[in-house]
Amino acid sequence: MTLRATSSIVCIGDLEQIASAVLPLPVWDFVSGGSGNEVTLAANRAALERIQLVPRVLTDVSQCSTVTTLLGAEASMPVATAPIGYQKLVHPDGELAGARAAMEAGIPFTVGTLSSYPVERIAGMGGVTWFQLYWLRDRVMSYELVRRAEDAGCAALMLTVDVPWMGRRLRDMRNAFVLPDDVEAANFSVGPVSAAHRAIAGGSALAAHTSMTFASSLNWSDLEELRGRTELPLIVKGLLDPADAARAAECGADAVVVSNHGGRQLDGAVPGIDVLEAVCAAVSGRCEVLVDGGIRSGVDVLKALALGANGVLLGRPLLWGLAAGGTDGARELLRLLAAELRDALGLAGCANTSEAQWLRTTRGPLRTDESMGNDKWI
């Protein structure tokens with residue numbers, strides 16, 4: 001699969017159009033769909049679009065830089081890839097292509113528990129790699145995955161906490177979605193992984209697989225035990241309530257990800273961007289705060305920074321880039337995002353990502369009572 005001439009690709013949405021044209025419908029539905037009636041899926045984008053930035057002027061942006069740090073390591077921009085399973089569904093090179101592009105772009109690549117290549121091979125690409133862990137019914141296997149991630153040189157561990165089981169994804173159910181024989185959860189050598197390859201009439205084989213594999217009993221004591229068992233920086237992904245974020249920080253989390261799982265779990269859950277400021281206030285600098293859900297442009301990244309995030313996770317767009325052209329497509333995605341972010345920073349009057357935190361945002365008209373301070377922005 002060859003990427004079209006880059007002159008015809010000027011924004012990330014162009015990659016989405018290419019991906020929708022080349023992927024089989026069941027795979028496209030798996031990639032783009034959400035749970036239930038997809039209310040939260042739509043709300044993620046609507047929430048980002050409601051936010052307006054208030055640019056500053058007469059600032060020197062001649063040396064505008066997108067460089068930042070994430071978990072203490074330099075990154076070319078405040079972006080990491082989100083953990084996405086089974087990337088081989090959209091391109092034969094799957095996670096290997098994505099990891100190569102992320103390494104070249106200078107951002108972290110997150111390996112999923114359900115990656116279609118083993119963590120050792122992906123981490124061996126040479127970039128900064130984070131490992132995402134789903135809590136398994138087999139606790140021994142969970143800790144074995146942690147050990148493998150440590151041995152492979154992963155720079156952080158990301159525990160996903162919002163999937164006691166997979167949400168009802170109606171598109172997958174209607175398609176009786178099943179993994180093809182050449183795509184597997186490569187981090188598992190034995191066990192019920194084969195359930196993901198057995199079709200279920202009116203159901204999703206992946207949902208059946210996760211129901212057999214994931215532990216719905218995950219709780220705060222498990223998080224505390226995990227914190228005590230690894231020296232890797234610990235990221236807790238899937239929090240929306242500020243009280244949960246504060247407790248995660250108290251448990252020793254180095255970062256939290258404000259996330260509704262891309263609208264793929266509880267349909268009706270609040271968009272992460274809408275609770276981002278409250279989460280940042282709740283953790284009060286005790287850990288870093290990342291956010292995902294509907295990030296589609298450099299302007300979206302800037303909005304997240306202005307609302308207090310240290311960075312964002314990029315999900316579906318990575319799959320669009322891979323589907324459009326493997327490593328070349330993922331490279332083009334990240335090149336576009338970096339160019340858009342630099343453009344947005346400069347036009348907003350920010351010479352670097354740190355200055356974005358001083359930008360004002362609004363979701364409505366500006367009140368005239370200047371004595372109200374920041375509260376005048378509604």
# chains A, B, ... in the order shown; residues from 1 in each chain; ligands from 1

call {"tool": "residues_around", "arguments": {"residues": "region 40-52 of chain A", "least_positions_apart": "6", "cutoff": "9 Å", "atoms": "only C-alpha atoms", "output": "short mmCIF file (atom, residue, chain, number, x, y, z; two decimals) with C-alpha atoms, in the first residue's frame"}}
result
data_model
loop_
_atom_site.label_atom_id
_atom_site.label_comp_id
_atom_site.auth_asym_id
_atom_site.auth_seq_id
_atom_site.Cartn_x
_atom_site.Cartn_y
_atom_site.Cartn_z
CA GLY A 33 -16.88 3.09 15.90
CA GLY A 34 -17.83 3.69 19.50
CA ASN A 260 -13.36 8.00 28.04
CA GLY A 262 -12.39 7.27 22.66
CA GLY A 263 -16.11 6.83 23.23
CA ARG A 264 -15.73 3.05 23.22
CA GLN A 265 -16.72 2.23 26.81
CA LEU A 266 -19.57 3.97 28.70
CA ASP A 267 -21.76 5.71 26.14
CA GLY A 268 -22.83 8.94 27.79
CA ALA A 269 -19.55 9.50 29.62
CA VAL A 270 -18.30 13.08 29.74
CA PRO A 271 -15.65 14.15 27.21
CA GLY A 272 -12.23 14.24 28.80
CA ILE A 273 -11.56 17.78 27.58
CA ASP A 274 -14.58 19.02 29.56
CA GLY A 293 -10.46 11.64 22.87
CA GLY A 294 -11.04 13.32 19.52
CA ILE A 295 -7.62 14.92 19.05
CA ARG A 296 -7.43 15.60 15.32
CA ASP A 300 -6.67 20.49 19.43
CA LYS A 303 -6.44 23.63 23.41
CA ALA A 304 -5.48 20.75 25.70
CA ARG A 360 -7.30 31.98 27.95
CA THR A 361 -10.09 29.83 26.59
CA THR A 362 -13.81 30.38 26.31
CA ARG A 363 -16.88 28.36 25.49
CA GLY A 364 -19.06 31.44 25.14
#

call {"tool": "closest_atom_pairs", "arguments": {"of": "region 224-300 of chain A", "to": "region 352-359 of chain A", "cutoff": "12 Å", "atoms": "only C-alpha atoms", "output": "Markdown table"}}
result
| residue | atom | partner | partner_atom | distance |
| --- | --- | --- | --- | --- |
| A:Glu277 | CA | A:Gln357 | CA | 11.1 |
| A:Cys280 | CA | A:Gln357 | CA | 11.7 |
| A:Gly298 | CA | A:Thr353 | CA | 11.7 |
| A:Val299 | CA | A:Ala356 | CA | 11.2 |

call {"tool": "residues_around", "arguments": {"residues": "Ile107 (chain A)", "least_positions_apart": "6", "cutoff": "8 Å", "atoms": "only C-alpha atoms", "output": "list in words"}}
result
Ala75, Ser76, Met77, Pro78, Val79, Ala80, Thr81, Gly127 and Val128 of chain A

call {"tool": "select_by_dssp", "arguments": {"residues": "region 45-228 of chain A", "states": "strand (DSSP E)", "output": "list in words"}}
result
Gln52, Leu53, Val54, Thr68, Thr69, Leu70, Ala73, Glu74, Ala75, Val79, Ala80, Thr81, Phe109, Thr110, Val111, Thr129, Trp130, Phe131, Gln132, Leu133, Tyr134, Ala156, Leu157, Met158, Leu159 and Thr160 of chain A

call {"tool": "residues_around", "arguments": {"residues": "region 342-350 of chain A", "least_positions_apart": "6", "cutoff": "8 Å", "atoms": "only C-alpha atoms", "output": "PyMOL selection string"}}
result
chain A and resi 53-61+64-66+298-299+302+356+359

call {"tool": "closest_residue", "arguments": {"among": "A:Val161, A:Pro26, A:Phe188, A:Glu250", "to": "Leu145 (chain A)", "atoms": "only C-alpha atoms"}}
result
A:Phe188

call {"tool": "decode", "arguments": {"residues": "region 17-30 of chain A", "atoms": "all heavy atoms", "output": "PDB file, in the first residue's frame"}}
result
ATOM      1  N   GLN A  17      -9.813  10.055   5.150  1.00  0.00           N
ATOM      2  CA  GLN A  17     -10.539   9.719   3.926  1.00  0.00           C
ATOM      3  C   GLN A  17      -9.873   8.575   3.188  1.00  0.00           C
ATOM      4  O   GLN A  17     -10.550   7.678   2.669  1.00  0.00           O
ATOM      5  CB  GLN A  17     -10.641  10.954   3.038  1.00  0.00           C
ATOM      6  CG  GLN A  17     -11.540  12.036   3.601  1.00  0.00           C
ATOM      7  CD  GLN A  17     -11.711  13.207   2.655  1.00  0.00           C
ATOM      8  OE1 GLN A  17     -11.357  13.131   1.470  1.00  0.00           O
ATOM      9  NE2 GLN A  17     -12.245  14.302   3.156  1.00  0.00           N
ATOM     10  N   ILE A  18      -8.545   8.597   3.134  1.00  0.00           N
ATOM     11  CA  ILE A  18      -7.832   7.505   2.465  1.00  0.00           C
ATOM     12  C   ILE A  18      -8.073   6.194   3.209  1.00  0.00           C
ATOM     13  O   ILE A  18      -8.362   5.159   2.595  1.00  0.00           O
ATOM     14  CB  ILE A  18      -6.324   7.809   2.383  1.00  0.00           C
ATOM     15  CG1 ILE A  18      -6.069   9.042   1.513  1.00  0.00           C
ATOM     16  CG2 ILE A  18      -5.563   6.608   1.827  1.00  0.00           C
ATOM     17  CD1 ILE A  18      -4.626   9.527   1.543  1.00  0.00           C
ATOM     18  N   ALA A  19      -7.962   6.233   4.520  1.00  0.00           N
ATOM     19  CA  ALA A  19      -8.156   5.016   5.316  1.00  0.00           C
ATOM     20  C   ALA A  19      -9.550   4.443   5.133  1.00  0.00           C
ATOM     21  O   ALA A  19      -9.728   3.223   4.995  1.00  0.00           O
ATOM     22  CB  ALA A  19      -7.893   5.309   6.793  1.00  0.00           C
ATOM     23  N   SER A  20     -10.557   5.294   5.112  1.00  0.00           N
ATOM     24  CA  SER A  20     -11.931   4.806   4.961  1.00  0.00           C
ATOM     25  C   SER A  20     -12.147   4.155   3.612  1.00  0.00           C
ATOM     26  O   SER A  20     -12.997   3.267   3.469  1.00  0.00           O
ATOM     27  CB  SER A  20     -12.925   5.953   5.162  1.00  0.00           C
ATOM     28  OG  SER A  20     -12.839   6.904   4.112  1.00  0.00           O
ATOM     29  N   ALA A  21     -11.349   4.575   2.617  1.00  0.00           N
ATOM     30  CA  ALA A  21     -11.501   4.021   1.274  1.00  0.00           C
ATOM     31  C   ALA A  21     -10.779   2.693   1.104  1.00  0.00           C
ATOM     32  O   ALA A  21     -11.202   1.852   0.291  1.00  0.00           O
ATOM     33  CB  ALA A  21     -10.985   5.027   0.237  1.00  0.00           C
ATOM     34  N   VAL A  22      -9.699   2.472   1.864  1.00  0.00           N
ATOM     35  CA  VAL A  22      -8.881   1.273   1.635  1.00  0.00           C
ATOM     36  C   VAL A  22      -9.180   0.145   2.610  1.00  0.00           C
ATOM     37  O   VAL A  22      -8.900  -1.018   2.308  1.00  0.00           O
ATOM     38  CB  VAL A  22      -7.374   1.612   1.666  1.00  0.00           C
ATOM     39  CG1 VAL A  22      -7.027   2.638   0.607  1.00  0.00           C
ATOM     40  CG2 VAL A  22      -6.936   2.095   3.046  1.00  0.00           C
ATOM     41  N   LEU A  23      -9.749   0.455   3.775  1.00  0.00           N
ATOM     42  CA  LEU A  23      -9.982  -0.598   4.770  1.00  0.00           C
ATOM     43  C   LEU A  23     -11.302  -1.309   4.503  1.00  0.00           C
ATOM     44  O   LEU A  23     -12.296  -0.677   4.127  1.00  0.00           O
ATOM     45  CB  LEU A  23     -10.009  -0.003   6.177  1.00  0.00           C
ATOM     46  CG  LEU A  23      -8.676   0.508   6.729  1.00  0.00           C
ATOM     47  CD1 LEU A  23      -8.884   1.159   8.088  1.00  0.00           C
ATOM     48  CD2 LEU A  23      -7.643  -0.611   6.817  1.00  0.00           C
ATOM     49  N   PRO A  24     -11.356  -2.635   4.692  1.00  0.00           N
ATOM     50  CA  PRO A  24     -12.639  -3.348   4.603  1.00  0.00           C
ATOM     51  C   PRO A  24     -13.630  -2.766   5.609  1.00  0.00           C
ATOM     52  O   PRO A  24     -13.231  -2.327   6.693  1.00  0.00           O
ATOM     53  CB  PRO A  24     -12.263  -4.792   4.954  1.00  0.00           C
ATOM     54  CG  PRO A  24     -10.783  -4.885   4.739  1.00  0.00           C
ATOM     55  CD  PRO A  24     -10.232  -3.536   5.035  1.00  0.00           C
ATOM     56  N   LEU A  25     -14.903  -2.768   5.275  1.00  0.00           N
ATOM     57  CA  LEU A  25     -15.906  -2.132   6.118  1.00  0.00           C
ATOM     58  C   LEU A  25     -15.876  -2.629   7.565  1.00  0.00           C
ATOM     59  O   LEU A  25     -15.928  -1.804   8.498  1.00  0.00           O
ATOM     60  CB  LEU A  25     -17.302  -2.308   5.525  1.00  0.00           C
ATOM     61  CG  LEU A  25     -18.438  -1.669   6.337  1.00  0.00           C
ATOM     62  CD1 LEU A  25     -18.226  -0.166   6.482  1.00  0.00           C
ATOM     63  CD2 LEU A  25     -19.790  -1.983   5.695  1.00  0.00           C
ATOM     64  N   PRO A  26     -15.796  -3.938   7.831  1.00  0.00           N
ATOM     65  CA  PRO A  26     -15.774  -4.371   9.240  1.00  0.00           C
ATOM     66  C   PRO A  26     -14.574  -3.806  10.007  1.00  0.00           C
ATOM     67  O   PRO A  26     -14.703  -3.473  11.190  1.00  0.00           O
ATOM     68  CB  PRO A  26     -15.718  -5.897   9.153  1.00  0.00           C
ATOM     69  CG  PRO A  26     -16.313  -6.219   7.825  1.00  0.00           C
ATOM     70  CD  PRO A  26     -15.863  -5.112   6.923  1.00  0.00           C
ATOM     71  N   VAL A  27     -13.421  -3.702   9.342  1.00  0.00           N
ATOM     72  CA  VAL A  27     -12.237  -3.142  10.001  1.00  0.00           C
ATOM     73  C   VAL A  27     -12.423  -1.648  10.215  1.00  0.00           C
ATOM     74  O   VAL A  27     -12.096  -1.105  11.285  1.00  0.00           O
ATOM     75  CB  VAL A  27     -10.965  -3.433   9.181  1.00  0.00           C
ATOM     76  CG1 VAL A  27      -9.752  -2.725   9.797  1.00  0.00           C
ATOM     77  CG2 VAL A  27     -10.709  -4.934   9.103  1.00  0.00           C
ATOM     78  N   TRP A  28     -12.956  -0.950   9.216  1.00  0.00           N
ATOM     79  CA  TRP A  28     -13.210   0.475   9.362  1.00  0.00           C
ATOM     80  C   TRP A  28     -14.189   0.740  10.512  1.00  0.00           C
ATOM     81  O   TRP A  28     -13.984   1.652  11.307  1.00  0.00           O
ATOM     82  CB  TRP A  28     -13.744   1.074   8.067  1.00  0.00           C
ATOM     83  CG  TRP A  28     -14.140   2.512   8.230  1.00  0.00           C
ATOM     84  CD1 TRP A  28     -15.398   3.037   8.223  1.00  0.00           C
ATOM     85  CD2 TRP A  28     -13.253   3.617   8.467  1.00  0.00           C
ATOM     86  NE1 TRP A  28     -15.359   4.392   8.437  1.00  0.00           N
ATOM     87  CE2 TRP A  28     -14.057   4.773   8.591  1.00  0.00           C
ATOM     88  CE3 TRP A  28     -11.867   3.729   8.586  1.00  0.00           C
ATOM     89  CZ2 TRP A  28     -13.505   6.036   8.829  1.00  0.00           C
ATOM     90  CZ3 TRP A  28     -11.324   4.999   8.826  1.00  0.00           C
ATOM     91  CH2 TRP A  28     -12.141   6.128   8.939  1.00  0.00           C
ATOM     92  N   ASP A  29     -15.215  -0.074  10.610  1.00  0.00           N
ATOM     93  CA  ASP A  29     -16.175   0.085  11.703  1.00  0.00           C
ATOM     94  C   ASP A  29     -15.512  -0.159  13.053  1.00  0.00           C
ATOM     95  O   ASP A  29     -15.798   0.533  14.035  1.00  0.00           O
ATOM     96  CB  ASP A  29     -17.358  -0.867  11.521  1.00  0.00           C
ATOM     97  CG  ASP A  29     -18.390  -0.355  10.528  1.00  0.00           C
ATOM     98  OD1 ASP A  29     -18.325   0.840  10.169  1.00  0.00           O
ATOM     99  OD2 ASP A  29     -19.252  -1.150  10.118  1.00  0.00           O
ATOM    100  N   PHE A  30     -14.624  -1.140  13.116  1.00  0.00           N
ATOM    101  CA  PHE A  30     -13.904  -1.424  14.357  1.00  0.00           C
ATOM    102  C   PHE A  30     -13.032  -0.236  14.750  1.00  0.00           C
ATOM    103  O   PHE A  30     -12.982   0.160  15.920  1.00  0.00           O
ATOM    104  CB  PHE A  30     -13.052  -2.678  14.197  1.00  0.00           C
ATOM    105  CG  PHE A  30     -12.132  -2.940  15.359  1.00  0.00           C
ATOM    106  CD1 PHE A  30     -12.637  -3.351  16.585  1.00  0.00           C
ATOM    107  CD2 PHE A  30     -10.756  -2.779  15.233  1.00  0.00           C
ATOM    108  CE1 PHE A  30     -11.795  -3.584  17.664  1.00  0.00           C
ATOM    109  CE2 PHE A  30      -9.910  -3.018  16.305  1.00  0.00           C
ATOM    110  CZ  PHE A  30     -10.424  -3.421  17.526  1.00  0.00           C
TER     111      PHE A  30
END
